[in-house]
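Pasted below: protein.txt, compact mmCIF, C-alpha atoms.
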```txt
# COMPACT_ATOMS: atom_id res chain seq x y z
CA MET G 1 -29.84 -92.92 -223.30
CA THR G 2 -32.00 -89.83 -223.58
CA THR G 3 -31.29 -86.17 -222.97
CA THR G 4 -34.00 -84.50 -220.95
CA ILE G 5 -32.46 -81.14 -220.07
CA HIS G 6 -33.72 -77.95 -221.74
CA PRO G 7 -35.22 -79.35 -224.97
CA PRO G 8 -36.35 -76.39 -227.08
CA ALA G 9 -40.11 -76.18 -227.76
CA THR G 10 -39.54 -76.17 -231.54
CA PRO G 11 -36.35 -78.04 -232.43
CA LEU G 12 -33.95 -75.78 -234.31
CA PRO G 13 -31.50 -77.18 -236.88
CA ALA G 14 -27.99 -77.82 -235.61
CA ASP G 15 -25.84 -74.69 -235.72
CA TRP G 16 -22.28 -75.19 -237.02
CA ARG G 17 -20.93 -73.46 -233.89
CA ASP G 18 -22.48 -76.19 -231.75
CA LEU G 19 -20.94 -78.85 -233.97
CA ILE G 20 -17.55 -77.18 -233.49
CA ALA G 21 -18.15 -77.03 -229.70
CA LEU G 22 -18.79 -80.78 -229.81
CA THR G 23 -15.16 -81.33 -230.84
CA LYS G 24 -13.81 -79.72 -227.60
CA PRO G 25 -11.67 -77.10 -229.41
CA ARG G 26 -9.65 -76.18 -226.29
CA VAL G 27 -8.57 -79.76 -225.68
CA MET G 28 -7.94 -80.12 -229.39
CA SER G 29 -5.45 -77.25 -229.36
CA LEU G 30 -3.16 -79.29 -227.08
CA VAL G 31 -3.66 -82.38 -229.24
CA ILE G 32 -2.78 -80.44 -232.42
CA PHE G 33 0.24 -78.86 -230.76
CA THR G 34 1.72 -82.13 -229.45
CA GLY G 35 0.98 -83.85 -232.77
CA LEU G 36 2.70 -81.02 -234.66
CA CYS G 37 5.69 -81.17 -232.32
CA GLY G 38 5.99 -84.94 -232.85
CA LEU G 39 5.93 -84.35 -236.60
CA ILE G 40 8.47 -81.50 -236.54
CA ALA G 41 10.80 -83.18 -234.03
CA ALA G 42 11.01 -86.33 -236.18
CA PRO G 43 14.33 -86.77 -237.99
CA GLU G 44 12.71 -86.93 -241.44
CA ARG G 45 10.84 -84.27 -243.40
CA ILE G 46 7.66 -84.74 -245.40
CA HIS G 47 6.03 -82.48 -247.97
CA PRO G 48 4.37 -79.49 -246.21
CA VAL G 49 0.98 -80.35 -247.75
CA LEU G 50 1.21 -83.89 -246.37
CA ALA G 51 2.37 -82.54 -242.99
CA PHE G 52 -0.65 -80.22 -242.93
CA THR G 53 -2.90 -83.14 -243.89
CA ALA G 54 -1.46 -85.28 -241.10
CA ILE G 55 -2.15 -82.58 -238.49
CA LEU G 56 -5.63 -81.98 -239.93
CA CYS G 57 -6.34 -85.71 -239.62
CA ILE G 58 -5.11 -85.77 -236.00
CA ALA G 59 -7.38 -82.79 -235.25
CA MET G 60 -10.37 -84.38 -237.01
CA GLY G 61 -9.81 -87.70 -235.22
CA ALA G 62 -9.51 -85.99 -231.83
CA GLY G 63 -12.58 -83.87 -232.57
CA GLY G 64 -14.58 -86.90 -233.69
CA ALA G 65 -13.58 -88.86 -230.58
CA ALA G 66 -14.50 -85.88 -228.35
CA ALA G 67 -17.89 -85.63 -230.10
CA LEU G 68 -18.47 -89.37 -229.55
CA ASN G 69 -17.59 -88.83 -225.87
CA GLN G 70 -20.15 -86.02 -225.55
CA TRP G 71 -22.77 -88.04 -227.44
CA TRP G 72 -22.34 -90.95 -225.01
CA GLU G 73 -22.16 -88.81 -221.86
CA ALA G 74 -24.92 -86.27 -222.61
CA ASP G 75 -26.97 -87.36 -219.57
CA ILE G 76 -23.97 -87.17 -217.22
CA ASP G 77 -22.87 -83.82 -218.66
CA ALA G 78 -26.32 -82.39 -217.92
CA GLU G 79 -25.84 -83.14 -214.21
CA MET G 80 -22.42 -81.52 -213.88
CA LYS G 81 -21.93 -77.77 -213.49
CA ARG G 82 -18.74 -77.81 -215.59
CA THR G 83 -20.36 -79.53 -218.57
CA ALA G 84 -24.06 -78.58 -218.34
CA GLY G 85 -23.58 -75.75 -220.87
CA ARG G 86 -22.48 -78.09 -223.67
CA PRO G 87 -24.68 -78.25 -226.80
CA LEU G 88 -26.23 -81.70 -226.11
CA PRO G 89 -27.29 -81.14 -222.46
CA GLN G 90 -28.63 -77.73 -223.49
CA GLY G 91 -30.75 -79.33 -226.21
CA ARG G 92 -29.15 -77.19 -228.95
CA LEU G 93 -28.26 -80.37 -230.87
CA ASP G 94 -30.03 -83.70 -231.21
CA ARG G 95 -28.07 -86.82 -230.40
CA THR G 96 -28.41 -88.42 -233.82
CA THR G 97 -26.79 -85.39 -235.49
CA ALA G 98 -23.98 -85.46 -232.91
CA ARG G 99 -23.37 -89.19 -233.43
CA ASP G 100 -23.39 -88.92 -237.22
CA PHE G 101 -21.10 -85.89 -237.18
CA ALA G 102 -18.67 -87.72 -234.86
CA GLY G 103 -18.74 -90.87 -237.00
CA ILE G 104 -18.06 -88.96 -240.23
CA LEU G 105 -15.18 -87.02 -238.65
CA CYS G 106 -13.54 -90.19 -237.26
CA ALA G 107 -13.90 -92.21 -240.47
CA ALA G 108 -12.76 -89.31 -242.69
CA SER G 109 -9.69 -88.65 -240.51
CA VAL G 110 -8.49 -92.27 -240.65
CA PHE G 111 -9.05 -92.75 -244.39
CA LEU G 112 -7.56 -89.38 -245.34
CA MET G 113 -4.49 -90.12 -243.18
CA GLY G 114 -4.15 -93.55 -244.79
CA PHE G 115 -4.53 -92.47 -248.40
CA ALA G 116 -2.54 -89.22 -248.14
CA VAL G 117 0.16 -89.87 -245.53
CA SER G 118 0.72 -93.33 -244.06
CA TRP G 119 -1.43 -96.35 -243.28
CA LEU G 120 0.61 -97.02 -240.12
CA ALA G 121 -0.18 -93.50 -238.87
CA ALA G 122 -3.83 -94.08 -239.88
CA ALA G 123 -3.93 -97.33 -237.93
CA ILE G 124 -2.52 -95.65 -234.79
CA LEU G 125 -5.05 -92.82 -235.24
CA ALA G 126 -7.87 -95.38 -235.46
CA VAL G 127 -6.58 -97.12 -232.31
CA SER G 128 -6.44 -93.76 -230.47
CA ILE G 129 -10.06 -92.95 -231.44
CA VAL G 130 -11.32 -96.37 -230.30
CA TYR G 131 -9.19 -96.10 -227.14
CA TYR G 132 -10.75 -92.74 -226.18
CA ALA G 133 -14.33 -93.30 -227.33
CA VAL G 134 -14.76 -96.95 -226.34
CA VAL G 135 -12.05 -98.08 -223.90
CA TYR G 136 -12.01 -94.83 -221.87
CA THR G 137 -15.47 -93.25 -222.27
CA ILE G 138 -17.70 -96.31 -222.38
CA TRP G 139 -15.72 -98.95 -220.54
CA LEU G 140 -13.26 -97.52 -217.99
CA LYS G 141 -14.62 -94.12 -216.94
CA PRO G 142 -17.80 -95.38 -215.27
CA ARG G 143 -16.10 -98.46 -213.76
CA THR G 144 -12.72 -97.79 -212.18
CA PRO G 145 -10.88 -94.96 -210.42
CA GLN G 146 -7.89 -95.90 -212.60
CA ASN G 147 -9.89 -94.59 -215.60
CA ILE G 148 -7.64 -91.56 -215.98
CA VAL G 149 -4.43 -93.58 -215.69
CA ILE G 150 -5.32 -96.10 -218.40
CA GLY G 151 -7.43 -93.65 -220.41
CA GLY G 152 -4.54 -91.20 -220.39
CA GLY G 153 -3.10 -93.25 -223.21
CA ALA G 154 -5.69 -91.77 -225.55
CA GLY G 155 -4.29 -88.27 -225.17
CA ALA G 156 -0.73 -89.56 -225.50
CA PHE G 157 -1.11 -90.71 -229.10
CA PRO G 158 -0.80 -87.39 -231.05
CA PRO G 159 3.02 -86.97 -230.93
CA LEU G 160 3.39 -90.65 -231.79
CA ILE G 161 1.05 -90.25 -234.78
CA GLY G 162 2.84 -87.05 -235.87
CA TRP G 163 6.23 -88.78 -235.66
CA VAL G 164 5.03 -91.88 -237.56
CA ALA G 165 3.40 -89.65 -240.21
CA ALA G 166 6.83 -88.10 -240.84
CA THR G 167 9.05 -91.17 -240.62
CA GLY G 168 6.75 -94.09 -241.45
CA ASP G 169 7.95 -96.20 -238.52
CA ILE G 170 7.91 -96.42 -234.71
CA THR G 171 11.18 -95.92 -232.80
CA LEU G 172 12.01 -95.42 -229.11
CA MET G 173 11.77 -91.62 -229.19
CA PRO G 174 8.04 -91.32 -230.10
CA VAL G 175 7.26 -94.05 -227.55
CA VAL G 176 9.01 -91.91 -224.89
CA LEU G 177 6.93 -88.88 -225.97
CA PHE G 178 3.85 -91.09 -225.60
CA ALA G 179 4.99 -92.11 -222.11
CA ILE G 180 5.57 -88.48 -221.04
CA ILE G 181 1.94 -87.54 -221.79
CA PHE G 182 0.76 -90.83 -220.28
CA PHE G 183 2.45 -90.02 -216.95
CA TRP G 184 1.47 -86.34 -217.13
CA THR G 185 -2.26 -87.12 -217.45
CA PRO G 186 -3.04 -88.43 -213.91
CA PRO G 187 -1.65 -85.41 -211.97
CA HIS G 188 -3.25 -83.07 -214.54
CA PHE G 189 -6.71 -84.63 -214.27
CA TRP G 190 -6.63 -85.43 -210.56
CA ALA G 191 -5.72 -81.81 -209.76
CA LEU G 192 -8.93 -80.87 -211.62
CA ALA G 193 -10.89 -83.72 -209.98
CA LEU G 194 -9.86 -82.48 -206.52
CA PHE G 195 -11.62 -79.15 -207.00
CA VAL G 196 -14.65 -80.46 -208.93
CA LYS G 197 -14.96 -83.56 -206.74
CA SER G 198 -18.59 -82.92 -205.76
CA ASP G 199 -19.59 -82.79 -209.44
CA TYR G 200 -18.11 -86.23 -210.13
CA ALA G 201 -19.57 -87.69 -206.92
CA LYS G 202 -23.04 -86.43 -207.89
CA VAL G 203 -23.09 -88.31 -211.21
CA GLY G 204 -21.40 -91.46 -209.85
CA ILE G 205 -18.19 -91.26 -211.90
CA PRO G 206 -15.59 -93.14 -209.81
CA MET G 207 -12.86 -90.50 -210.02
CA MET G 208 -9.92 -91.13 -207.68
CA PRO G 209 -10.82 -88.43 -205.07
CA VAL G 210 -14.38 -89.79 -204.87
CA VAL G 211 -13.40 -93.47 -204.47
CA ALA G 212 -9.98 -93.48 -202.78
CA GLY G 213 -10.31 -90.16 -200.99
CA GLU G 214 -8.40 -86.91 -201.27
CA LYS G 215 -5.37 -88.02 -199.27
CA SER G 216 -4.66 -91.01 -201.49
CA THR G 217 -5.22 -88.89 -204.64
CA ARG G 218 -2.78 -86.25 -203.43
CA ARG G 219 -0.12 -88.91 -202.73
CA GLN G 220 -0.63 -90.42 -206.18
CA ILE G 221 -0.31 -87.00 -207.85
CA LEU G 222 3.04 -86.73 -206.10
CA VAL G 223 4.15 -90.20 -207.25
CA TYR G 224 3.32 -89.47 -210.90
CA ALA G 225 5.07 -86.08 -210.74
CA LEU G 226 8.14 -87.81 -209.28
CA LEU G 227 8.15 -90.34 -212.13
CA LEU G 228 7.58 -87.61 -214.71
CA LEU G 229 10.76 -85.73 -213.77
CA PRO G 230 13.28 -88.40 -214.90
CA LEU G 231 11.01 -89.55 -217.72
CA SER G 232 10.88 -86.06 -219.25
CA ILE G 233 14.69 -86.06 -219.48
CA VAL G 234 14.87 -89.45 -221.24
CA PRO G 235 14.67 -87.92 -224.78
CA TRP G 236 17.90 -86.05 -224.00
CA TRP G 237 19.48 -89.08 -222.34
CA ILE G 238 18.83 -91.40 -225.30
CA GLY G 239 20.12 -88.81 -227.76
CA GLY G 240 16.74 -87.95 -229.26
CA ALA G 241 17.12 -84.33 -228.13
CA HIS G 242 19.91 -81.95 -227.16
CA ALA G 243 20.83 -79.70 -224.23
CA ILE G 244 18.12 -77.06 -224.84
CA TYR G 245 15.43 -79.68 -224.41
CA GLY G 246 17.26 -81.37 -221.51
CA ALA G 247 17.66 -78.14 -219.53
CA SER G 248 14.08 -77.04 -220.28
CA ALA G 249 12.68 -80.43 -219.24
CA LEU G 250 14.66 -80.33 -216.01
CA VAL G 251 13.43 -76.85 -215.05
CA LEU G 252 9.81 -77.40 -216.15
CA SER G 253 9.52 -80.81 -214.47
CA THR G 254 11.14 -79.58 -211.25
CA LEU G 255 8.53 -76.82 -211.05
CA PHE G 256 5.82 -79.37 -211.83
CA LEU G 257 7.13 -81.51 -208.99
CA ALA G 258 7.29 -78.53 -206.62
CA LEU G 259 3.63 -77.65 -207.29
CA SER G 260 2.71 -81.33 -206.92
CA VAL G 261 4.53 -81.53 -203.58
CA ARG G 262 2.44 -78.57 -202.38
CA VAL G 263 -0.75 -80.38 -203.43
CA GLY G 264 0.48 -83.80 -202.28
CA LEU G 265 1.37 -82.79 -198.75
CA ARG G 266 -1.59 -80.56 -197.90
CA GLU G 267 -5.12 -81.28 -196.79
CA ARG G 268 -8.34 -79.43 -197.47
CA THR G 269 -8.74 -76.89 -194.67
CA GLY G 270 -12.54 -77.01 -194.76
CA PRO G 271 -15.57 -76.59 -197.01
CA ASP G 272 -14.52 -72.99 -197.78
CA ASP G 273 -11.03 -74.00 -198.97
CA SER G 274 -10.36 -72.16 -202.27
CA MET G 275 -8.20 -75.09 -203.49
CA LYS G 276 -5.70 -72.61 -204.91
CA PRO G 277 -2.69 -75.00 -205.04
CA GLU G 278 -4.78 -77.58 -206.94
CA LYS G 279 -6.02 -74.93 -209.39
CA GLN G 280 -2.45 -73.67 -209.86
CA LEU G 281 -1.17 -77.20 -210.50
CA PHE G 282 -3.93 -77.79 -213.06
CA ALA G 283 -3.20 -74.50 -214.88
CA TYR G 284 0.56 -75.09 -214.79
CA SER G 285 0.19 -78.68 -216.06
CA VAL G 286 -1.27 -77.33 -219.32
CA ILE G 287 1.53 -74.75 -219.67
CA TYR G 288 4.05 -77.48 -218.80
CA LEU G 289 3.06 -79.74 -221.69
CA PHE G 290 2.98 -76.85 -224.19
CA ALA G 291 6.40 -75.63 -223.01
CA LEU G 292 8.00 -79.10 -222.93
CA PHE G 293 6.99 -79.92 -226.50
CA ALA G 294 7.87 -76.40 -227.68
CA ALA G 295 11.35 -76.96 -226.19
CA LEU G 296 11.62 -80.20 -228.17
CA VAL G 297 10.92 -78.34 -231.42
CA VAL G 298 13.27 -75.44 -230.62
CA ASP G 299 15.95 -77.96 -229.68
CA ARG G 300 15.51 -79.68 -233.05
CA PHE G 301 16.46 -76.53 -234.95
CA VAL G 302 18.86 -74.82 -232.53
CA VAL G 303 21.81 -77.02 -231.65
CA ILE G 304 24.31 -75.56 -229.19
CA MET L 1 -29.54 -57.33 -227.17
CA THR L 2 -29.10 -59.68 -230.14
CA GLN L 3 -32.20 -61.22 -231.71
CA PRO L 4 -32.46 -65.04 -231.50
CA ARG L 5 -31.62 -66.58 -234.85
CA THR L 6 -34.37 -68.22 -236.88
CA ALA L 7 -34.22 -71.81 -238.15
CA GLU L 8 -33.74 -70.51 -241.69
CA GLN L 9 -30.75 -68.34 -240.67
CA ILE L 10 -29.14 -71.24 -238.80
CA ARG L 11 -29.68 -73.58 -241.74
CA ARG L 12 -28.28 -71.08 -244.25
CA SER L 13 -25.20 -70.41 -242.11
CA ARG L 14 -24.60 -74.15 -241.64
CA ASN L 15 -24.96 -74.86 -245.36
CA ARG L 16 -22.48 -72.06 -246.12
CA MET L 17 -19.95 -73.63 -243.73
CA LEU L 18 -20.54 -77.08 -245.23
CA GLY L 19 -19.96 -75.67 -248.72
CA LEU L 20 -16.74 -74.01 -247.61
CA ALA L 21 -15.55 -77.22 -245.92
CA LEU L 22 -16.24 -79.28 -249.05
CA ALA L 23 -14.48 -76.72 -251.26
CA ALA L 24 -11.48 -76.75 -248.91
CA PHE L 25 -11.46 -80.56 -249.04
CA VAL L 26 -11.41 -80.57 -252.84
CA VAL L 27 -8.53 -78.07 -252.87
CA LEU L 28 -6.68 -80.19 -250.28
CA VAL L 29 -7.12 -83.38 -252.34
CA PHE L 30 -5.77 -81.49 -255.37
CA PHE L 31 -2.64 -80.40 -253.49
CA ILE L 32 -2.21 -83.86 -251.93
CA SER L 33 -2.25 -85.38 -255.43
CA ILE L 34 0.47 -82.96 -256.56
CA ALA L 35 2.55 -83.63 -253.40
CA LYS L 36 2.24 -87.40 -253.86
CA MET L 37 3.32 -87.14 -257.50
CA GLY L 38 6.39 -85.17 -256.43
```
As structure tokens, how would this structure be written, given the file I've shared?
Amino acid sequence: MTTTIHPPATPLPADWRDLIALTKPRVMSLVIFTGLCGLIAAPERIHPVLAFTAILCIAMGAGGAAALNQWWEADIDAEMKRTAGRPLPQGRLDRTTARDFAGILCAASVFLMGFAVSWLAAAILAVSIVYYAVVYTIWLKPRTPQNIVIGGGAGAFPPLIGWVAATGDITLMPVVLFAIIFFWTPPHFWALALFVKSDYAKVGIPMMPVVAGEKSTRRQILVYALLLLPLSIVPWWIGGAHAIYGASALVLSTLFLALSVRVGLRERTGPDDSMKPEKQLFAYSVIYLFALFAALVVDRFVVI
Amino acid sequence: MTQPRTAEQIRRSRNRMLGLALAAFVVLVFFISIAKMG
């Protein structure tokens, strides 16, 4: 694969800011936050230095996987308005540097996690990197409209890794946290895909709205939001969290469902449709996940 | 308007960041060793 967009006349060395941009810092903030919440919400405490190291490793692994994703998709990114400004399509970085940087980040994150914190957490981190960079980016994304559903697992790993880093084993609670993000991902991404549909269609990525149509995508957003409501309350139901989390999850998920109903039951009014409900659902979905995991942490320390 | 940065400036700034990252890593390994001993 070669990048042909905007190569500079005289290649400049890679700027560190472009290397940071390669790690998708905005996405990483959610990964770090959910990983940290998993670690804090766990019933056991670890040394603060080791906790910091665990979160650093999760961030490095997520950043490395994101860089691998951008390295692989540089040609596709160049064709899409949303991603054309990234360092690789802009020619501000060469692909070999991007690949090497990604490889070093991924390897360093797994080994540091293993040596410093827990080899089980390191193994799950390695699985999550391979899941995102290979299973999702290379295999599923260009092949099936279910790419987001199955690939959503990649983003669901951080709280599980955080929890395992603290406790050293896997119990039902971190698996439920994994499932919450897994079921949150399709409505989150499909809301975005609905208003950048033309971009995906142009580069041949079989996103759900492109392949199955808008109506089917809207119905599926609704189904996932319906499933997410009871699932988000499970941590409270199984005794992994208390009333503060339970009440927060109920309110947040009901609002998520309400916004999803608005998206699920409407149709695009025409080419000039501003897609406001879809944009609102996408924006709220990010706030939702932050708030839900924040409630889990608050609940851990404040017991009514 | 800001002047475009030269290759030398970019390289120097990147090397400075790399140096800082390596120093931070050494400090982290030191503290990890102490935490593991505890």
For L:Phe25: contacts at 12 Å, only C-alpha atoms, fewer than 3 positions along chain excluded, given as a ChimeraX atom specification: /G:53,56-57,108-109,112 /L:18-22,28-32
In file coordinates, which residues lie within 12 Å of (5.8, -93.1, -213.1) using only C-alpha atoms, given as a PyMOL selection string? chain G and resi 149+179-187+220-232
Hey, what's within 10 Å of G:Thr217 if we count only C-alpha atoms and toss same-chain stuff fewer than 4 positions away? As a list in words, please?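 The residues that qualify are Pro186, Pro187, Trp190, Ala191, Ala193, Leu194, Met207, Met208, Pro209, Val210, Val211, Ala212, Gly213, Ile221, Leu222, Val223, Val263 and Gly264 of chain G.
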What gap, in Å, lies between atom CA of G:Gly38 and atom CA of G:Ile58?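 Here the two named atoms are 11.6 Å from each other.
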Output as a ChimeraX atom specification the set of chain L residues within 9 Å of chain G, with distances taken over all atoms listed in the file. /L:6-8,10-11,13-15,17-18,28-29,31-33,35-36,38
So what do you get for atom CA of G:Lys81 versus atom CA of G:Asp199, distance-wise?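 These atoms are spaced 6.9 Å apart.
Point (11.9, -83.5, -233.0) has the following residues at most 9 Å away: Cys37, Gly38, Leu39, Ile40, Ala41, Ala42, Pro43, Trp163, Met173, Gly240, Ala241, Phe293, Leu296, Val297, Val298, Asp299, Arg300 and Phe301 of chain G (atoms considered: only C-alpha atoms).
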Output C-alpha atoms for every residue in that selection, as a PDB file, in the coordinates of the input.
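Saved file again29.pdb follows:
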```pdb
ATOM      1  CA  CYS G  37       5.690 -81.170-232.320  1.00  0.00           C
ATOM      2  CA  GLY G  38       5.990 -84.940-232.850  1.00  0.00           C
ATOM      3  CA  LEU G  39       5.930 -84.350-236.600  1.00  0.00           C
ATOM      4  CA  ILE G  40       8.470 -81.500-236.540  1.00  0.00           C
ATOM      5  CA  ALA G  41      10.800 -83.180-234.030  1.00  0.00           C
ATOM      6  CA  ALA G  42      11.010 -86.330-236.180  1.00  0.00           C
ATOM      7  CA  PRO G  43      14.330 -86.770-237.990  1.00  0.00           C
ATOM      8  CA  TRP G 163       6.230 -88.780-235.660  1.00  0.00           C
ATOM      9  CA  MET G 173      11.770 -91.620-229.190  1.00  0.00           C
ATOM     10  CA  GLY G 240      16.740 -87.950-229.260  1.00  0.00           C
ATOM     11  CA  ALA G 241      17.120 -84.330-228.130  1.00  0.00           C
ATOM     12  CA  PHE G 293       6.990 -79.920-226.500  1.00  0.00           C
ATOM     13  CA  LEU G 296      11.620 -80.200-228.170  1.00  0.00           C
ATOM     14  CA  VAL G 297      10.920 -78.340-231.420  1.00  0.00           C
ATOM     15  CA  VAL G 298      13.270 -75.440-230.620  1.00  0.00           C
ATOM     16  CA  ASP G 299      15.950 -77.960-229.680  1.00  0.00           C
ATOM     17  CA  ARG G 300      15.510 -79.680-233.050  1.00  0.00           C
ATOM     18  CA  PHE G 301      16.460 -76.530-234.950  1.00  0.00           C
TER      19      PHE G 301
END
```
